[in-house]
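A.B. asks: Contents of run_11.csv (CSV, C-alpha atoms):
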chain,number,residue,atom,x,y,z
A,1,MET,CA,102.6,139.7,43.7
A,2,ARG,CA,100.5,142.3,42.1
A,3,ARG,CA,103.6,144.3,41.3
A,4,PHE,CA,105.1,141.2,39.6
A,5,VAL,CA,102.0,140.7,37.4
A,6,LEU,CA,102.1,144.4,36.4
A,7,SER,CA,105.7,144.3,35.4
A,8,ILE,CA,105.1,141.2,33.2
A,9,ARG,CA,102.2,142.9,31.5
A,10,LYS,CA,104.2,146.0,30.8
A,11,ALA,CA,107.0,143.9,29.3
A,12,LYS,CA,104.8,142.2,26.9
A,13,THR,CA,102.4,144.9,25.9
A,14,LEU,CA,105.2,147.0,24.6
A,15,ALA,CA,106.7,145.5,21.5
A,16,ASP,CA,109.9,143.5,22.1
A,17,PRO,CA,112.0,143.8,19.0
A,18,PHE,CA,114.6,141.5,20.4
A,19,ALA,CA,112.3,138.5,21.0
A,20,ASP,CA,110.4,139.2,17.8
A,21,GLY,CA,113.6,139.5,15.9
A,22,ILE,CA,114.8,136.1,17.2
A,23,LEU,CA,111.4,134.6,16.4
A,24,ALA,CA,111.7,135.8,12.8
A,25,LEU,CA,115.2,134.3,12.5
A,26,LEU,CA,114.2,130.8,13.8
A,27,PRO,CA,113.5,129.2,10.5
A,28,ARG,CA,117.0,130.1,9.3
A,29,LEU,CA,118.6,129.2,12.7
A,30,ARG,CA,116.9,125.8,12.6
A,31,ARG,CA,118.3,125.2,9.1
A,32,PHE,CA,121.8,126.1,10.3
A,33,ALA,CA,121.4,123.8,13.3
A,34,ALA,CA,120.3,120.9,11.1
A,35,GLY,CA,123.4,121.4,9.1
A,36,LEU,CA,125.7,121.5,12.1
A,37,ALA,CA,124.1,118.7,14.1
A,38,ARG,CA,123.9,115.1,13.3
A,39,ASP,CA,120.2,114.5,14.0
A,40,VAL,CA,116.9,116.2,14.6
A,41,ALA,CA,117.0,115.9,18.4
A,42,GLU,CA,120.5,117.4,18.6
A,43,ALA,CA,119.5,120.2,16.2
A,44,ASP,CA,116.5,121.0,18.4
A,45,ASP,CA,118.8,121.0,21.5
A,46,LEU,CA,121.1,123.4,19.7
A,47,CYS,CA,118.2,125.8,18.9
A,48,GLN,CA,116.9,125.7,22.5
A,49,MET,CA,120.3,126.4,24.0
A,50,THR,CA,120.9,129.2,21.5
A,51,ILE,CA,117.6,130.9,22.4
A,52,GLU,CA,118.3,130.5,26.1
A,53,ARG,CA,121.7,132.0,25.8
A,54,ALA,CA,120.4,134.8,23.7
A,55,LEU,CA,117.7,135.7,26.2
A,56,ARG,CA,120.3,135.6,29.0
A,57,SER,CA,122.7,137.7,27.0
A,58,ARG,CA,120.3,140.3,25.6
A,59,ASP,CA,122.1,143.1,27.5
A,60,ARG,CA,125.1,142.4,25.4
A,61,TRP,CA,123.3,142.9,22.1
A,62,GLN,CA,123.3,146.5,21.0
A,63,ALA,CA,120.1,147.7,19.4
A,64,GLY,CA,120.8,148.8,15.8
A,65,THR,CA,123.5,146.1,15.3
A,66,ARG,CA,122.7,143.0,13.3
A,67,LEU,CA,120.8,140.5,15.3
A,68,ASP,CA,121.1,137.7,12.7
A,69,SER,CA,124.9,137.4,12.7
A,70,TRP,CA,125.0,137.7,16.5
A,71,MET,CA,122.6,134.7,16.7
A,72,TYR,CA,124.5,132.7,14.2
A,73,ARG,CA,127.8,133.3,16.0
A,74,MET,CA,126.1,132.2,19.3
A,75,MET,CA,124.7,129.1,17.8
A,76,ARG,CA,128.0,128.2,16.2
A,77,ASN,CA,129.9,128.7,19.4
A,78,ILE,CA,127.5,126.6,21.4
A,79,TRP,CA,127.8,123.9,18.8
A,80,ILE,CA,131.6,123.9,19.0
A,81,ASP,CA,131.9,124.3,22.8
A,82,GLU,CA,129.1,122.2,24.2
A,83,ILE,CA,127.1,119.9,21.9
A,84,ARG,CA,129.9,118.7,19.7
A,85,ALA,CA,132.0,117.8,22.8
A,86,ARG,CA,129.0,116.0,24.3
A,87,THR,CA,128.3,114.1,21.1
A,88,ARG,CA,131.9,113.0,20.7
A,89,ARG,CA,132.0,111.6,24.2
A,90,GLY,CA,129.0,109.3,23.4
A,91,GLU,CA,129.7,108.7,19.8
A,92,THR,CA,128.8,105.5,18.1
A,93,PHE,CA,128.9,104.5,14.5
A,94,GLU,CA,125.3,103.6,14.2
A,95,ALA,CA,124.3,106.7,12.3
A,96,GLU,CA,127.0,106.1,9.7
A,97,GLU,CA,126.1,102.5,9.2
A,98,ALA,CA,122.4,103.3,8.9
A,99,GLY,CA,123.2,105.9,6.4
A,100,LEU,CA,125.2,103.6,4.3
A,101,ALA,CA,122.6,100.9,4.4
A,102,VAL,CA,120.0,103.3,3.0
A,103,GLY,CA,122.3,104.1,0.1
A,104,ALA,CA,123.1,100.5,-0.6
A,105,SER,CA,119.5,99.3,-0.5
A,106,GLY,CA,118.8,101.2,-3.7
A,107,GLY,CA,115.5,102.5,-2.4
A,108,GLN,CA,113.7,105.5,-3.7
A,109,GLU,CA,116.2,107.5,-5.7
A,110,GLU,CA,115.4,110.9,-4.2
A,111,ARG,CA,115.9,109.6,-0.6
A,112,VAL,CA,119.2,108.1,-1.5
A,113,GLY,CA,120.2,111.4,-3.0
A,114,LEU,CA,119.3,113.4,0.2
A,115,GLY,CA,121.1,110.8,2.3
A,116,ASP,CA,124.2,111.3,0.2
A,117,VAL,CA,124.3,115.0,1.0
A,118,ASP,CA,124.0,114.3,4.7
A,119,ARG,CA,126.6,111.6,4.6
A,120,ALA,CA,129.0,113.7,2.6
A,121,MET,CA,128.6,116.7,4.9
A,122,ALA,CA,129.2,114.5,7.9
A,123,ARG,CA,132.6,113.5,6.6
A,124,LEU,CA,133.8,117.0,6.4
A,125,PRO,CA,136.0,118.4,9.3
A,126,ASP,CA,133.9,120.8,11.4
A,127,GLU,CA,135.7,123.9,10.2
A,128,GLN,CA,135.0,123.0,6.6
A,129,ARG,CA,131.5,122.0,7.2
A,130,GLU,CA,130.6,125.3,9.0
A,131,ALA,CA,132.2,127.3,6.2
A,132,VAL,CA,130.2,125.4,3.5
A,133,LEU,CA,127.0,125.8,5.5
A,134,LEU,CA,127.4,129.5,6.2
A,135,VAL,CA,128.2,130.5,2.6
A,136,MET,CA,126.5,127.9,0.4
A,137,VAL,CA,123.4,127.2,2.5
A,138,GLU,CA,122.9,130.2,4.7
A,139,GLY,CA,124.0,132.7,2.1
A,140,TRP,CA,126.5,134.8,4.1
A,141,SER,CA,129.3,136.6,2.3
A,142,TYR,CA,132.8,135.4,2.9
A,143,LYS,CA,133.5,138.4,5.1
A,144,GLU,CA,130.3,137.9,7.2
A,145,ALA,CA,131.0,134.1,7.5
A,146,ALA,CA,134.5,134.8,8.6
A,147,GLU,CA,133.2,137.2,11.3
A,148,ILE,CA,130.7,134.6,12.5
A,149,VAL,CA,133.4,131.9,12.8
A,150,GLY,CA,136.0,134.4,14.1
A,151,CYS,CA,138.7,133.8,11.6
A,152,PRO,CA,140.4,135.8,8.8
A,153,VAL,CA,138.6,135.9,5.4
A,154,GLY,CA,141.5,134.1,3.7
A,155,THR,CA,141.2,131.2,6.1
A,156,LEU,CA,137.5,131.0,5.6
A,157,ASN,CA,138.0,131.0,1.9
A,158,SER,CA,140.5,128.1,1.9
A,159,ARG,CA,138.4,126.0,4.3
A,160,LEU,CA,135.5,126.6,2.0
A,161,VAL,CA,137.4,125.5,-1.1
A,162,ARG,CA,138.7,122.3,0.6
A,163,GLY,CA,135.2,121.6,1.9
A,164,ARG,CA,133.5,122.0,-1.5
A,165,ASP,CA,136.2,120.0,-3.3
A,166,ALA,CA,135.6,117.1,-0.9
A,167,LEU,CA,131.9,117.4,-1.3
A,168,MET,CA,132.1,117.3,-5.1
A,169,THR,CA,134.3,114.3,-5.0
A,170,LEU,CA,132.0,112.5,-2.5
A,171,LEU,CA,128.9,113.5,-4.5
A,172,GLY,CA,130.4,112.8,-7.9
A,173,GLU,CA,130.1,116.4,-9.1
A,174,ALA,CA,133.7,117.1,-9.8
A,175,ALA,CA,134.2,119.0,-13.0
B,1,MET,CA,146.1,134.8,-15.7
B,2,THR,CA,145.5,131.4,-14.1
B,3,PRO,CA,142.9,131.8,-11.4
B,4,THR,CA,143.5,129.9,-8.1
B,5,PRO,CA,140.9,127.4,-6.9
B,6,GLU,CA,139.9,130.0,-4.3
B,7,GLN,CA,139.3,132.6,-7.0
B,8,ILE,CA,137.2,130.2,-9.1
B,9,ALA,CA,135.0,129.3,-6.1
B,10,ALA,CA,134.7,132.9,-5.1
B,11,PHE,CA,133.8,133.9,-8.7
B,12,ALA,CA,131.1,131.2,-8.8
B,13,ASP,CA,129.7,132.5,-5.5
B,14,GLY,CA,129.7,136.1,-6.8
B,15,GLN,CA,132.1,137.1,-4.1
B,16,LEU,CA,134.7,138.8,-6.3
B,17,GLU,CA,134.7,142.5,-7.0
B,18,GLY,CA,136.2,145.0,-9.4
B,19,ALA,CA,139.4,144.1,-11.3
B,20,GLU,CA,139.7,140.6,-9.8
B,21,GLN,CA,136.2,139.7,-10.9
B,22,ALA,CA,136.9,141.0,-14.4
B,23,GLN,CA,140.1,139.1,-14.7
B,24,VAL,CA,138.7,135.8,-13.4
B,25,GLY,CA,135.6,136.3,-15.5
B,26,ALA,CA,137.8,136.7,-18.6
B,27,ALA,CA,139.8,133.6,-17.8
B,28,VAL,CA,136.7,131.6,-17.2
B,29,ALA,CA,135.1,132.8,-20.5
B,30,ALA,CA,138.3,131.8,-22.4
B,31,ASP,CA,138.7,128.3,-20.9
B,32,PRO,CA,135.9,125.7,-21.0
B,33,ALA,CA,137.6,123.6,-18.3
B,34,LEU,CA,137.4,126.6,-15.9
B,35,ALA,CA,133.8,127.3,-17.0
B,36,ARG,CA,132.9,123.7,-16.0
B,37,GLN,CA,134.5,124.2,-12.6
B,38,VAL,CA,132.4,127.3,-12.1
B,39,GLU,CA,129.3,125.4,-13.1
B,40,ALA,CA,130.2,122.5,-10.8
B,41,HIS,CA,130.5,124.9,-7.8
B,42,ARG,CA,127.1,126.4,-8.7
B,43,ALA,CA,125.5,123.0,-9.1
B,44,LEU,CA,126.8,122.0,-5.7
B,45,ALA,CA,125.5,125.3,-4.1
B,46,ARG,CA,122.0,124.6,-5.7
B,47,ARG,CA,122.1,121.0,-4.4
B,48,LEU,CA,123.0,122.0,-0.9
B,49,GLY,CA,120.5,124.8,-0.9
B,50,ALA,CA,117.7,122.5,-2.1
B,51,HIS,CA,118.7,119.9,0.5
B,52,PHE,CA,118.3,122.2,3.5
B,53,ALA,CA,115.5,124.5,2.2
B,54,PRO,CA,112.7,122.3,3.5
B,55,ILE,CA,113.8,122.8,7.1
B,56,ALA,CA,113.6,126.6,6.9
B,57,ALA,CA,110.2,126.2,5.3
B,58,GLU,CA,108.8,124.2,8.2
B,59,PRO,CA,106.7,126.0,10.8
B,60,VAL,CA,108.7,126.8,13.8
B,61,PRO,CA,107.9,124.2,16.6
B,62,ASP,CA,105.7,125.6,19.3
B,63,HIS,CA,108.1,124.8,22.1
B,64,LEU,CA,110.8,127.0,20.5
B,65,ALA,CA,108.4,129.9,19.7
B,66,ALA,CA,107.0,129.7,23.2
B,67,MET,CA,110.5,130.4,24.6
B,68,LEU,CA,110.3,133.8,23.0
B,69,ALA,CA,106.7,134.5,24.0
B,70,ALA,CA,106.8,133.3,27.6
B,71,PRO,CA,105.2,136.4,29.2
B,72,LYS,CA,102.1,135.9,27.1
B,73,VAL,CA,101.6,132.5,28.5
B,74,VAL,CA,102.2,133.7,32.0
B,75,ASP,CA,99.7,136.5,31.9
B,76,LEU,CA,96.4,134.6,31.6
B,77,ALA,CA,94.2,137.6,32.4
B,78,GLU,CA,95.9,139.5,29.6
B,79,ALA,CA,95.3,136.7,27.2
B,80,ARG,CA,91.7,136.5,28.2
B,81,ALA,CA,91.1,140.2,27.8
B,82,ARG,CA,92.7,140.0,24.4
B,83,ARG,CA,90.4,137.3,23.2
B,84,LYS,CA,87.4,139.4,24.2
B,85,GLY,CA,88.5,141.9,21.6
B,86,PRO,CA,89.7,145.3,22.9
B,87,PRO,CA,92.7,146.2,20.9
B,88,ARG,CA,96.0,146.0,22.7
B,89,TRP,CA,99.3,147.7,22.0
B,90,ALA,CA,100.9,144.7,20.4
B,91,TRP,CA,98.1,144.6,18.0
B,92,VAL,CA,98.4,148.2,17.2
B,93,ALA,CA,102.0,148.1,16.5
B,94,GLY,CA,101.6,145.7,13.6
B,95,PRO,CA,99.8,146.1,10.4
B,96,ALA,CA,97.6,149.0,11.5
B,97,LEU,CA,100.6,151.2,11.7
B,98,ALA,CA,101.5,150.5,8.1
B,99,ALA,CA,98.1,151.7,7.0
B,100,SER,CA,98.1,154.7,9.2
B,101,LEU,CA,99.9,156.9,6.7
B,102,VAL,CA,96.7,157.6,4.8
B,103,LEU,CA,95.5,159.8,7.7
B,104,ALA,CA,96.7,163.0,9.2
B,105,VAL,CA,96.0,163.3,12.9
B,106,SER,CA,95.6,166.9,14.0
B,107,LEU,CA,97.0,167.7,17.4
B,108,GLY,CA,96.7,170.8,19.5
B,109,GLN,CA,94.8,173.0,17.1
B,110,ARG,CA,91.5,172.0,18.5
B,111,SER,CA,92.7,171.8,22.0
B,112,SER,CA,89.8,173.9,23.4
B,113,ASP,CA,87.3,171.5,22.0
B,114,TYR,CA,85.3,168.9,23.8
B,115,VAL,CA,83.7,166.0,22.1
B,116,SER,CA,80.0,166.2,20.9
B,117,ASP,CA,77.3,165.0,23.2
B,118,ASP,CA,76.7,161.7,21.6
B,119,VAL,CA,80.4,160.8,21.6
B,120,ALA,CA,80.6,162.0,25.3
B,121,LEU,CA,77.7,159.7,26.2
B,122,ALA,CA,79.4,156.7,24.6
B,123,LEU,CA,82.7,157.5,26.2
B,124,ASP,CA,81.0,157.8,29.6
B,125,ARG,CA,79.2,154.5,29.3
B,126,GLN,CA,80.5,152.1,26.8
B,127,LEU,CA,83.0,149.5,27.7
B,128,THR,CA,85.4,148.4,25.0
B,129,SER,CA,84.7,144.8,25.5
B,130,GLU,CA,80.9,145.1,25.7
B,131,GLN,CA,79.5,147.3,22.9
B,132,ALA,CA,77.0,146.6,20.3
B,133,GLY,CA,78.3,146.0,16.8
B,134,ALA,CA,75.9,148.6,15.5
B,135,ALA,CA,76.9,151.3,18.0
B,136,THR,CA,77.4,154.6,16.2
B,137,VAL,CA,80.4,155.4,18.4
B,138,ARG,CA,82.8,152.6,18.9
B,139,VAL,CA,85.4,152.8,21.7
B,140,LEU,CA,88.7,151.4,20.6
B,141,LEU,CA,90.5,151.3,23.8
B,142,SER,CA,91.2,153.1,27.1
B,143,PHE,CA,94.4,154.2,28.7
B,144,ARG,CA,95.9,156.7,31.1
B,145,ASP,CA,98.0,159.6,29.9
B,146,GLY,CA,101.1,160.9,31.6
B,147,ASP,CA,99.0,162.9,34.1
B,148,GLY,CA,97.0,159.9,35.1
B,149,SER,CA,93.9,161.1,33.3
B,150,PHE,CA,91.7,158.5,31.6
B,151,CYS,CA,91.7,158.7,27.8
B,152,ARG,CA,89.8,156.8,25.3
B,153,ALA,CA,90.2,156.3,21.6
B,154,TYR,CA,87.1,156.0,19.6
B,155,ALA,CA,85.7,155.8,16.0
B,156,ALA,CA,82.4,157.4,15.0
B,157,SER,CA,80.7,157.8,11.7
B,158,GLY,CA,82.0,161.3,11.2
B,159,ALA,CA,85.5,161.0,12.7
B,160,SER,CA,87.7,159.1,15.0
B,161,GLY,CA,89.7,160.6,17.8
B,162,ILE,CA,91.2,160.5,21.3
B,163,ALA,CA,89.6,162.3,24.2
B,164,CYS,CA,90.8,162.6,27.8
B,165,ARG,CA,88.5,163.1,30.7
B,166,ASP,CA,89.0,166.3,32.8
B,167,ASP,CA,86.6,168.2,35.1
B,168,GLU,CA,84.6,169.6,32.3
B,169,GLY,CA,84.2,166.5,30.2
B,170,TRP,CA,85.9,164.6,27.4
B,171,LYS,CA,88.5,166.9,25.9
B,172,LEU,CA,89.6,166.2,22.4
B,173,GLN,CA,93.3,165.4,22.2
B,174,ALA,CA,93.5,164.1,18.6
B,175,ALA,CA,91.1,163.8,15.8
B,176,GLY,CA,91.2,161.9,12.6
B,177,GLN,CA,90.0,164.1,9.8
B,178,GLY,CA,87.7,163.5,6.9
B,179,GLU,CA,88.3,159.8,6.5
B,180,ALA,CA,85.1,158.1,7.4
B,181,GLN,CA,83.1,159.9,4.6
B,182,SER,CA,85.1,158.1,2.0
B,183,GLY,CA,83.4,155.0,3.3
B,184,THR,CA,85.8,152.3,2.4
B,185,GLU,CA,86.8,149.7,4.9
B,186,TYR,CA,90.5,150.2,4.1
B,187,ARG,CA,90.4,153.9,4.8
B,188,GLN,CA,88.4,153.4,8.0
B,189,ALA,CA,91.1,151.0,9.1
B,190,GLY,CA,93.8,153.5,8.3
B,191,SER,CA,92.1,156.1,10.3
B,192,GLU,CA,91.9,153.9,13.3
B,193,GLY,CA,95.5,152.9,12.8
B,194,ALA,CA,96.7,156.5,13.1
B,195,ILE,CA,94.5,157.0,16.2
B,196,MET,CA,95.8,153.9,17.8
B,197,ALA,CA,99.4,154.9,17.1
B,198,ARG,CA,98.7,158.3,18.6
B,199,ALA,CA,97.2,156.6,21.6
B,200,GLN,CA,100.2,154.5,22.1
B,201,ALA,CA,102.4,157.6,22.0
B,202,MET,CA,100.2,159.3,24.6
B,203,ALA,CA,99.8,156.4,27.0
B,204,ALA,CA,101.8,156.1,30.2
B,205,GLY,CA,101.4,152.4,30.2
B,206,PRO,CA,99.5,149.5,28.7
B,207,ALA,CA,95.9,149.8,27.6
B,208,LEU,CA,93.4,149.2,30.4
B,209,ASP,CA,92.1,145.7,30.5
B,210,ALA,CA,88.4,144.9,30.8
B,211,ALA,CA,88.3,145.0,34.6
B,212,GLU,CA,90.4,148.1,34.8
B,213,GLU,CA,88.2,149.8,32.3
B,214,ARG,CA,85.0,148.9,34.2
B,215,ALA,CA,86.5,150.2,37.5
B,216,ALA,CA,87.4,153.4,35.8
B,217,ARG,CA,83.9,153.8,34.4
B,218,ASP,CA,82.3,153.1,37.7
B,219,GLY,CA,84.5,155.7,39.3
B,220,GLY,CA,83.3,158.3,36.8
B,221,TRP,CA,86.6,158.3,34.9
B,222,ARG,CA,88.1,160.5,37.6
B,223,LYS,CA,91.8,160.1,38.0
B,224,ALA,CA,93.1,158.8,41.2
B,225,GLY,CA,93.4,161.4,43.9
B,226,SER,CA,91.2,164.0,42.3
Mind turning the file's structure into structure tokens?

C.D. replies:
Amino acid sequence: MRRFVLSIRKAKTLADPFADGILALLPRLRRFAAGLARDVAEADDLCQMTIERALRSRDRWQAGTRLDSWMYRMMRNIWIDEIRARTRRGETFEAEEAGLAVGASGGQEERVGLGDVDRAMARLPDEQREAVLLVMVEGWSYKEAAEIVGCPVGTLNSRLVRGRDALMTLLGEAA
Amino acid sequence: MTPTPEQIAAFADGQLEGAEQAQVGAAVAADPALARQVEAHRALARRLGAHFAPIAAEPVPDHLAAMLAAPKVVDLAEARARRKGPPRWAWVAGPALAASLVLAVSLGQRSSDYVSDDVALALDRQLTSEQAGAATVRVLLSFRDGDGSFCRAYAASGASGIACRDDEGWKLQAAGQGEAQSGTEYRQAGSEGAIMARAQAMAAGPALDAAEERAARDGGWRKAGS
């Protein structure tokens, strides 16, 4: 038991750049999760699962390589493989209806505007939505975004264009 | 040339390079309809960015941050010792290191030296967690070096340093030079930062906690087995 305590102390008193690095990335990862997921609870689940998997997989992260794109890739894959599938199984249309009701009620203008963005994003196919989020919200280059998604740059580029065209139509910003 | 929709979007995002960027840029400059498309892309990017920005600005929820700091929660004794004030490695590794560049730490050249009597007295007796604020010699922390000898980092009015206990007394291992006389808080902090960084490099493990330090003092700072 004593030995156990000592090993814990040693682990924490020495700086842990891996855990500290993830901690520093959490604000961005939460934003990405909010864009991928449909609601706050689901985004939080996604963050938790991503952190858990990262901690379990830390042996596979090579020090000196980029931690941020590694984490984004992990979050994206968890979203695709686990949460999205789970959501689809239990999907209802309540969220959509509630969103429309907010828009139609003509309440506070700003709130309606924000709701519009969420609703428009929700209508995009997943592959377009993730491309839009990675480049236009998270600020990755096309090449980096393609690496995170695991597709060729040209594919990422065309998904992005289709996604933003759809958004501009839905949001009334077409040129 | 007539740019493709992909090229227009990439141009708006600043993702084109070299000749392609120049060609698309020229086409956009010559055609108000293309310029409107570029502006629409940028307006959309601004709108999306503004929509999601508040989430990244929120404080990270405690339950997520705690997942990455779990050992700190587990080790209650450690947390308690930290609250009492002796500096720990994690504390040293942060801002103090940034300030440490103002100080040169001399090593080796004074290796035959032992600390002065007043410093030796403080190192013999004072516990890091229980020293008067007005003490002329302030012990910063204690640790064991690779040989198992007890070493202590300290700051005094004249200089700061690290000394390790051997059979003769407290042998100076590192000394901060000529900083304290400048008198400013900042420089004093910088001096300590360098000493602490040096201590971290010398130490064979974590700094002693309050109980370990007390036991070492009560044992006359003799290393185990000697």

A.B. asks: Report the closest atom pair, with its distance in Å rounded to one decimal, for each residue of chain B that has an atom no farther than 6 Å from chain A; count all atoms listed in the file, sort by chain and then rising residue number, and write it as a tab-separated table.

C.D. replies:
residue	atom	partner	partner_atom	distance
B:Arg36	CA	A:Ala175	CA	5.7
B:Gln37	CA	A:Ala175	CA	5.2
B:Ala40	CA	A:Ala175	CA	5.8
B:Ala45	CA	A:Met136	CA	5.3
B:Gly49	CA	A:Val137	CA	5.1
B:Ile55	CA	A:Arg31	CA	5.5
B:Ala56	CA	A:Pro27	CA	4.4
B:Leu68	CA	A:Ala19	CA	5.5
B:Trp89	CA	A:Thr13	CA	5.7
B:Ala90	CA	A:Thr13	CA	5.7

A.B. asks: Using only C-alpha atoms, which residues sit within 12 Å of Leu127 (chain B) once same-chain residues fewer than 5 positions away are excluded, as a VMD selection string?

C.D. replies: chain B and resid 84 to 86 121 to 122 132 135 137 to 142 152 to 154 208 to 218 221

A.B. asks: What separation in Å, quoted to one decimal, exists between CA of Ala65 (chain B) and CA of Phe143 (chain B)?

C.D. replies: 29.5 Å

A.B. asks: Between CA of Trp61 (chain A) and CA of Arg76 (chain A), what is the distance in Å, rounded to a tenth?

C.D. replies: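 It comes out at 16.5 Å.
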
A.B. asks: Quick check, in Å to one decimal: how far apart do CA of Pro125 (chain A) and CA of Asp81 (chain A) lie?

C.D. replies: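 According to the coordinates, CA of Pro125 (chain A) and CA of Asp81 (chain A) are separated by 15.3 Å.
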
A.B. asks: Counting all atoms listed in the file, select every polymer residue within 7 Å of (91.0, 160.7, 22.0) as defined in the file's coordinates, and provide the selection as a PDB file with C-alpha atoms, in the frame of the given file.

C.D. replies:
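Listed below is the output, part.pdb:
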ATOM      1  CA  CYS B 151      91.700 158.700  27.800  1.00  0.00           C
ATOM      2  CA  ARG B 152      89.800 156.800  25.300  1.00  0.00           C
ATOM      3  CA  ALA B 153      90.200 156.300  21.600  1.00  0.00           C
ATOM      4  CA  TYR B 154      87.100 156.000  19.600  1.00  0.00           C
ATOM      5  CA  GLY B 161      89.700 160.600  17.800  1.00  0.00           C
ATOM      6  CA  ILE B 162      91.200 160.500  21.300  1.00  0.00           C
ATOM      7  CA  ALA B 163      89.600 162.300  24.200  1.00  0.00           C
ATOM      8  CA  CYS B 164      90.800 162.600  27.800  1.00  0.00           C
ATOM      9  CA  LEU B 172      89.600 166.200  22.400  1.00  0.00           C
ATOM     10  CA  GLN B 173      93.300 165.400  22.200  1.00  0.00           C
ATOM     11  CA  ALA B 174      93.500 164.100  18.600  1.00  0.00           C
ATOM     12  CA  ALA B 175      91.100 163.800  15.800  1.00  0.00           C
TER      13      ALA B 175
END

A.B. asks: Give the answer as one residue: which of A:Ala54, A:Leu36, A:Met75, A:Ala41 has the shortest atom-to-atom distance to Ala131 (chain A), using all atoms listed in the file?

C.D. replies: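 Of all the options, A:Leu36 lies closest to Ala131 (chain A).
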
A.B. asks: For Ala63 (chain A), which of A:Thr169, A:Ala120, A:Pro17, A:Arg84 is the closest residue, counting only C-alpha atoms?

C.D. replies: A:Pro17

A.B. asks: Taking every listed atom of region 45-53 of chain A and adding 6 Å to each side, what centre and edge lengths in Å (one decimal) does the axis-aligned box have, as JSON?

C.D. replies:
{"center_x": 119.3, "center_y": 126.5, "center_z": 22.5, "size_x": 16.8, "size_y": 23.0, "size_z": 19.2}
